[in-house]
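Student: First the structure, then my questions, so here it is.
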There are 2 protein chains.
Amino acid sequence: MDESLGFLLHQVRGRLVTAIDAELEPLDITWAQWGTLLKIANGRANTASELCRSMAGDTGSMTRMLDRLEQKGLIRRERSSEDRRIVQLSLTEAGQKLYPQLPPIAVKVLNQHLRGFSRDELETMKRFLRRMLSNADD
Amino acid sequence: MDESLGFLLHQVRGRLVTAIDAELEPLDITWAQWGTLLKIANGRANTASELCRSMAGDTGSMTRMLDRLEQKGLIRRERSSEDRRIVQLSLTEAGQKLYPQLPPIAVKVLNQHLRGFSRDELETMKRFLRRMLSNADD
DNA sequence: TGACGATATCTGCCTAAGCAGCTAATTTGC
DNA sequence: GCAAATTAGCTGCTTAGGCAGATATCGTCA
């Protein structure tokens, strides 16, 4: 039963997150925070609900994630004037300075865990995971 | 960047857990609780620290997990008389009655997410994940 | 024997994610 | 034009996991 796919996914994801968080620790940011920051930096999400949709997350949990990022001075929240329900998100100068430092760290940890994998094998695994995701969507 | 392996693993694992938890809800137990219960039921772990080792988890978090299982009346804790540091774990009658109901639910949800996968593909994916785990161990 | 290190468990503090319920603002439908 | 539904964001409650520190017990070795 340790061999269940669900358990394996859980374990691997946990190891990855722990390893990345350990490397990120000197920068005073976590993997989850970095992911959120990146979405904002890329312009893929300007509001909290866009973030939730693009990460399949909960809005309540996102509010608190944004609280943490704002409190660290990495993002700014501004109530929109056109639609006053919306809070527009943007990176502060500190956020803009921080976020390019992060991808190399994630890549390094990922490569450590992918030692011995061919490019084909990596692509195969990603294809499998995308198929599972699309199976989940119905 | 939504295409990073780490992000995909995170997403798939999340969807699986959410789907299993939804199915388990009428039984008033969660996926994480069920995993712990199963380890105890199988006799693979008679103590908290054995559980932690076999799941690569934290002892503090395990204490609280066992609190929840004990509070639900599914497990029993008994201080060992030979080594008084140890707390021996066992299933109550309720726990023994509950745990055989759980694997079919996990299998069902897993199969939904694996629609269209051949047995070979599943084995390949599991092999990949085990390789990543073993890469993590050094 | 008695000090020291290792082990087992527990507690407090933190991040994170999910659910339900709430308010305010906007859009839709009659 | 206005009631109803929808959307955006927030708060409280819960589970879960990680880290650090505390306590009690055990094993070892001088």
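Going by the structure tokens order, chains are called A, B, ..., each with residues numbered from 1, while ligands are numbered from 1 in the order shown.
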Enumerate the residues of region 3-103 of chain B with a DSSP assignment of helix (DSSP H, G or I), computed from the backbone, and present them as a ChimeraX atom specification.
Tutor: /B:5-27,31-41,48-55,59-71,93-103
Student: Compute the chain B side of the contact with chain D at 12 Å, counting only C-alpha atoms (C1' of nucleotides), and hand it back as a count of residues only.
Tutor: 27
Student: Leaving out Gln88 (chain A) and any residue of its chain fewer than 6 positions from it, which residues lie within 10 Å of it when counting only C-alpha atoms (C1' of nucleotides), given as a compact mmCIF listing (two decimals) with N, CA and C atoms, in the first residue's frame?
Tutor:
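Here's the written file part.txt:
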# COMPACT_ATOMS: atom_id res chain seq x y z
N ALA A 45 -2.10 37.05 -13.37
CA ALA A 45 -3.20 37.23 -12.41
C ALA A 45 -3.05 38.58 -11.74
N ASN A 46 -4.03 39.43 -11.93
CA ASN A 46 -3.99 40.75 -11.32
C ASN A 46 -4.89 40.86 -10.10
N THR A 47 -5.69 39.83 -9.87
CA THR A 47 -6.60 39.88 -8.73
C THR A 47 -6.57 38.55 -7.99
N ALA A 48 -7.13 38.56 -6.78
CA ALA A 48 -7.14 37.35 -5.96
C ALA A 48 -7.92 36.22 -6.62
N ARG A 76 1.52 44.80 -3.49
CA ARG A 76 0.69 45.95 -3.14
C ARG A 76 -0.75 45.60 -3.49
N ARG A 77 -1.69 46.02 -2.67
CA ARG A 77 -3.11 45.83 -2.97
C ARG A 77 -3.77 47.19 -3.16
N GLU A 78 -4.46 47.35 -4.28
CA GLU A 78 -5.17 48.61 -4.52
C GLU A 78 -6.59 48.35 -5.00
N ARG A 79 -7.54 48.87 -4.30
CA ARG A 79 -8.94 48.73 -4.67
C ARG A 79 -9.17 49.40 -6.02
N SER A 80 -9.76 48.65 -6.95
CA SER A 80 -10.01 49.20 -8.28
C SER A 80 -11.08 50.29 -8.24
N SER A 81 -10.94 51.31 -9.09
CA SER A 81 -11.93 52.39 -9.08
C SER A 81 -13.08 52.08 -10.04
Student: Residues near Ala41 (chain B), anyone? I mean within 8 Å using only C-alpha atoms (C1' of nucleotides), not counting same-chain ones fewer than 6 positions away, as a list in words.
Tutor: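 Skipping anything fewer than 6 positions along the chain leaves Ser90, Leu91, Gln96 and Tyr99 of chain B.
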Student: Would you put the residues from that selection into a file with N, CA and C atoms, as a PDB file, in the first residue's frame?
Tutor:
ATOM      1  N   SER B  90      -3.041   0.601  18.881  1.00  0.00           N
ATOM      2  CA  SER B  90      -3.846  -0.484  18.324  1.00  0.00           C
ATOM      3  C   SER B  90      -5.207   0.049  17.911  1.00  0.00           C
ATOM      4  N   LEU B  91      -5.880  -0.709  17.058  1.00  0.00           N
ATOM      5  CA  LEU B  91      -7.209  -0.293  16.607  1.00  0.00           C
ATOM      6  C   LEU B  91      -8.262  -0.712  17.613  1.00  0.00           C
ATOM      7  N   GLN B  96     -11.388  -1.228  13.620  1.00  0.00           N
ATOM      8  CA  GLN B  96     -11.310  -2.466  12.841  1.00  0.00           C
ATOM      9  C   GLN B  96     -12.484  -2.606  11.899  1.00  0.00           C
ATOM     10  N   TYR B  99     -11.850   0.230   8.853  1.00  0.00           N
ATOM     11  CA  TYR B  99     -10.761   0.321   7.909  1.00  0.00           C
ATOM     12  C   TYR B  99     -10.912  -0.529   6.636  1.00  0.00           C
TER      13      TYR B  99
END
Student: Set the cut-off to 10 Å and count only C-alpha atoms (C1' of nucleotides): what are the residues of chain C that reach chain A? Output as a ChimeraX atom specification.
Tutor: /C:15-19,24-26
Student: Taking only C-alpha atoms into account and nothing else, which residues of chain B lie no more than 9 Å away from chain A? Please answer as a PyMOL selection string.
Tutor: chain B and resi 1-17+19+35+38-39+54-56+106+110+112-117+121-122+124-126+128-136
Student: Residues of the last selection are to be written out with N, CA and C atoms, as a compact mmCIF listing (two decimals), in the first residue's frame.
Tutor:
# COMPACT_ATOMS: atom_id res chain seq x y z
N MET B 1 5.24 28.14 -16.93
CA MET B 1 5.63 27.78 -15.57
C MET B 1 4.56 26.92 -14.88
N ASP B 2 3.32 26.99 -15.41
CA ASP B 2 2.29 26.07 -14.95
C ASP B 2 2.71 24.67 -15.34
N GLU B 3 3.75 24.59 -16.14
CA GLU B 3 4.15 23.32 -16.72
C GLU B 3 5.29 22.69 -15.95
N SER B 4 5.72 23.34 -14.91
CA SER B 4 6.78 22.76 -14.09
C SER B 4 6.31 21.45 -13.47
N LEU B 5 7.23 20.49 -13.40
CA LEU B 5 6.88 19.20 -12.83
C LEU B 5 6.39 19.34 -11.39
N GLY B 6 7.04 20.22 -10.64
CA GLY B 6 6.65 20.41 -9.26
C GLY B 6 5.21 20.89 -9.14
N PHE B 7 4.87 21.85 -9.98
CA PHE B 7 3.52 22.38 -9.95
C PHE B 7 2.50 21.31 -10.36
N LEU B 8 2.85 20.52 -11.37
CA LEU B 8 1.94 19.46 -11.82
C LEU B 8 1.74 18.42 -10.71
N LEU B 9 2.82 18.01 -10.07
CA LEU B 9 2.70 17.05 -8.97
C LEU B 9 1.80 17.61 -7.88
N HIS B 10 2.01 18.87 -7.56
CA HIS B 10 1.24 19.53 -6.52
C HIS B 10 -0.25 19.52 -6.87
N GLN B 11 -0.54 19.86 -8.13
CA GLN B 11 -1.93 19.92 -8.57
C GLN B 11 -2.59 18.55 -8.54
N VAL B 12 -1.92 17.56 -9.12
CA VAL B 12 -2.53 16.23 -9.21
C VAL B 12 -2.77 15.66 -7.82
N ARG B 13 -1.77 15.78 -6.97
CA ARG B 13 -1.92 15.29 -5.60
C ARG B 13 -3.09 15.99 -4.90
N GLY B 14 -3.20 17.29 -5.12
CA GLY B 14 -4.29 18.04 -4.51
C GLY B 14 -5.66 17.57 -4.98
N ARG B 15 -5.79 17.36 -6.29
CA ARG B 15 -7.07 16.90 -6.82
C ARG B 15 -7.43 15.53 -6.27
N LEU B 16 -6.42 14.64 -6.22
CA LEU B 16 -6.67 13.30 -5.70
C LEU B 16 -7.15 13.36 -4.26
N VAL B 17 -6.45 14.12 -3.44
CA VAL B 17 -6.80 14.18 -2.02
C VAL B 17 -8.20 14.75 -1.85
N ALA B 19 -10.67 14.73 -3.98
CA ALA B 19 -11.68 13.79 -4.46
C ALA B 19 -11.88 12.65 -3.47
N GLY B 35 -4.79 6.88 5.99
CA GLY B 35 -3.44 6.38 5.76
C GLY B 35 -2.79 5.95 7.05
N LEU B 38 -4.39 2.78 8.42
CA LEU B 38 -4.01 1.60 7.65
C LEU B 38 -2.66 1.06 8.09
N LYS B 39 -1.73 1.98 8.32
CA LYS B 39 -0.39 1.56 8.77
C LYS B 39 -0.49 0.81 10.09
N SER B 54 7.94 5.64 8.67
CA SER B 54 7.41 5.00 7.47
C SER B 54 6.67 5.98 6.57
N MET B 55 6.35 7.14 7.09
CA MET B 55 5.68 8.12 6.24
C MET B 55 6.52 9.37 6.06
N ALA B 56 7.75 9.36 6.56
CA ALA B 56 8.62 10.51 6.44
C ALA B 56 7.94 11.77 6.98
N ALA B 106 -10.60 4.55 -2.24
CA ALA B 106 -9.37 5.11 -2.81
C ALA B 106 -9.14 4.56 -4.21
N LEU B 110 -8.87 6.75 -7.65
CA LEU B 110 -7.64 6.62 -8.41
C LEU B 110 -7.94 6.20 -9.84
N GLN B 112 -10.66 6.67 -11.52
CA GLN B 112 -11.25 7.78 -12.26
C GLN B 112 -10.17 8.69 -12.83
N HIS B 113 -9.13 8.92 -12.04
CA HIS B 113 -8.07 9.82 -12.50
C HIS B 113 -7.13 9.13 -13.47
N LEU B 114 -7.20 7.81 -13.51
CA LEU B 114 -6.30 7.07 -14.40
C LEU B 114 -7.03 6.55 -15.64
N ARG B 115 -8.19 7.10 -15.91
CA ARG B 115 -8.94 6.71 -17.09
C ARG B 115 -8.04 6.82 -18.33
N GLY B 116 -8.03 5.78 -19.12
CA GLY B 116 -7.24 5.82 -20.35
C GLY B 116 -5.79 5.41 -20.18
N PHE B 117 -5.39 5.08 -18.96
CA PHE B 117 -4.02 4.63 -18.74
C PHE B 117 -3.94 3.12 -18.88
N GLU B 121 1.59 1.99 -18.46
CA GLU B 121 1.79 3.42 -18.20
C GLU B 121 1.75 3.70 -16.70
N LEU B 122 0.81 3.06 -16.01
CA LEU B 122 0.74 3.25 -14.57
C LEU B 122 2.04 2.80 -13.91
N THR B 124 4.95 2.57 -15.23
CA THR B 124 6.02 3.51 -15.60
C THR B 124 6.01 4.74 -14.70
N MET B 125 4.82 5.27 -14.49
CA MET B 125 4.72 6.47 -13.66
C MET B 125 5.16 6.16 -12.23
N LYS B 126 4.74 5.02 -11.71
CA LYS B 126 5.14 4.67 -10.35
C LYS B 126 6.66 4.50 -10.26
N PHE B 128 8.88 6.03 -12.10
CA PHE B 128 9.45 7.38 -12.11
C PHE B 128 9.42 7.98 -10.71
N LEU B 129 8.27 7.87 -10.07
CA LEU B 129 8.12 8.49 -8.75
C LEU B 129 9.06 7.84 -7.73
N ARG B 130 9.19 6.52 -7.81
CA ARG B 130 10.11 5.84 -6.89
C ARG B 130 11.55 6.28 -7.15
N ARG B 131 11.89 6.51 -8.42
CA ARG B 131 13.24 6.99 -8.71
C ARG B 131 13.46 8.38 -8.12
N MET B 132 12.45 9.24 -8.22
CA MET B 132 12.59 10.58 -7.63
C MET B 132 12.75 10.48 -6.12
N LEU B 133 11.99 9.58 -5.50
CA LEU B 133 12.11 9.40 -4.06
C LEU B 133 13.51 8.95 -3.69
N SER B 134 14.06 8.04 -4.48
CA SER B 134 15.37 7.54 -4.11
C SER B 134 16.44 8.60 -4.39
N ASN B 135 16.22 9.43 -5.39
CA ASN B 135 17.11 10.58 -5.58
C ASN B 135 17.06 11.55 -4.40
N ALA B 136 15.90 11.64 -3.78
CA ALA B 136 15.74 12.58 -2.67
C ALA B 136 16.51 12.10 -1.44
Student: Pull the strand (DSSP E) assignments for region 34-87 of chain B out of DSSP run on the backbone, and list those residues as a PDB file with N, CA and C atoms, in the first residue's frame.
Tutor:
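After the write, out.pdb holds the following:
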ATOM      1  N   ILE B  75      -8.595   4.456  17.466  1.00  0.00           N
ATOM      2  CA  ILE B  75      -7.385   3.795  17.964  1.00  0.00           C
ATOM      3  C   ILE B  75      -7.299   3.912  19.479  1.00  0.00           C
ATOM      4  N   ARG B  76      -6.395   3.091  20.035  1.00  0.00           N
ATOM      5  CA  ARG B  76      -6.155   3.071  21.466  1.00  0.00           C
ATOM      6  C   ARG B  76      -4.676   3.357  21.700  1.00  0.00           C
ATOM      7  N   ARG B  77      -4.355   4.106  22.737  1.00  0.00           N
ATOM      8  CA  ARG B  77      -2.960   4.349  23.100  1.00  0.00           C
ATOM      9  C   ARG B  77      -2.692   3.716  24.454  1.00  0.00           C
ATOM     10  N   GLU B  78      -1.644   2.886  24.542  1.00  0.00           N
ATOM     11  CA  GLU B  78      -1.284   2.284  25.820  1.00  0.00           C
ATOM     12  C   GLU B  78       0.214   2.414  26.054  1.00  0.00           C
ATOM     13  N   ARG B  79       0.562   3.037  27.144  1.00  0.00           N
ATOM     14  CA  ARG B  79       1.965   3.197  27.502  1.00  0.00           C
ATOM     15  C   ARG B  79       2.566   1.802  27.721  1.00  0.00           C
ATOM     16  N   VAL B  87       4.508   4.507  23.446  1.00  0.00           N
ATOM     17  CA  VAL B  87       3.056   4.364  23.529  1.00  0.00           C
ATOM     18  C   VAL B  87       2.615   3.405  22.432  1.00  0.00           C
TER      19      VAL B  87
END
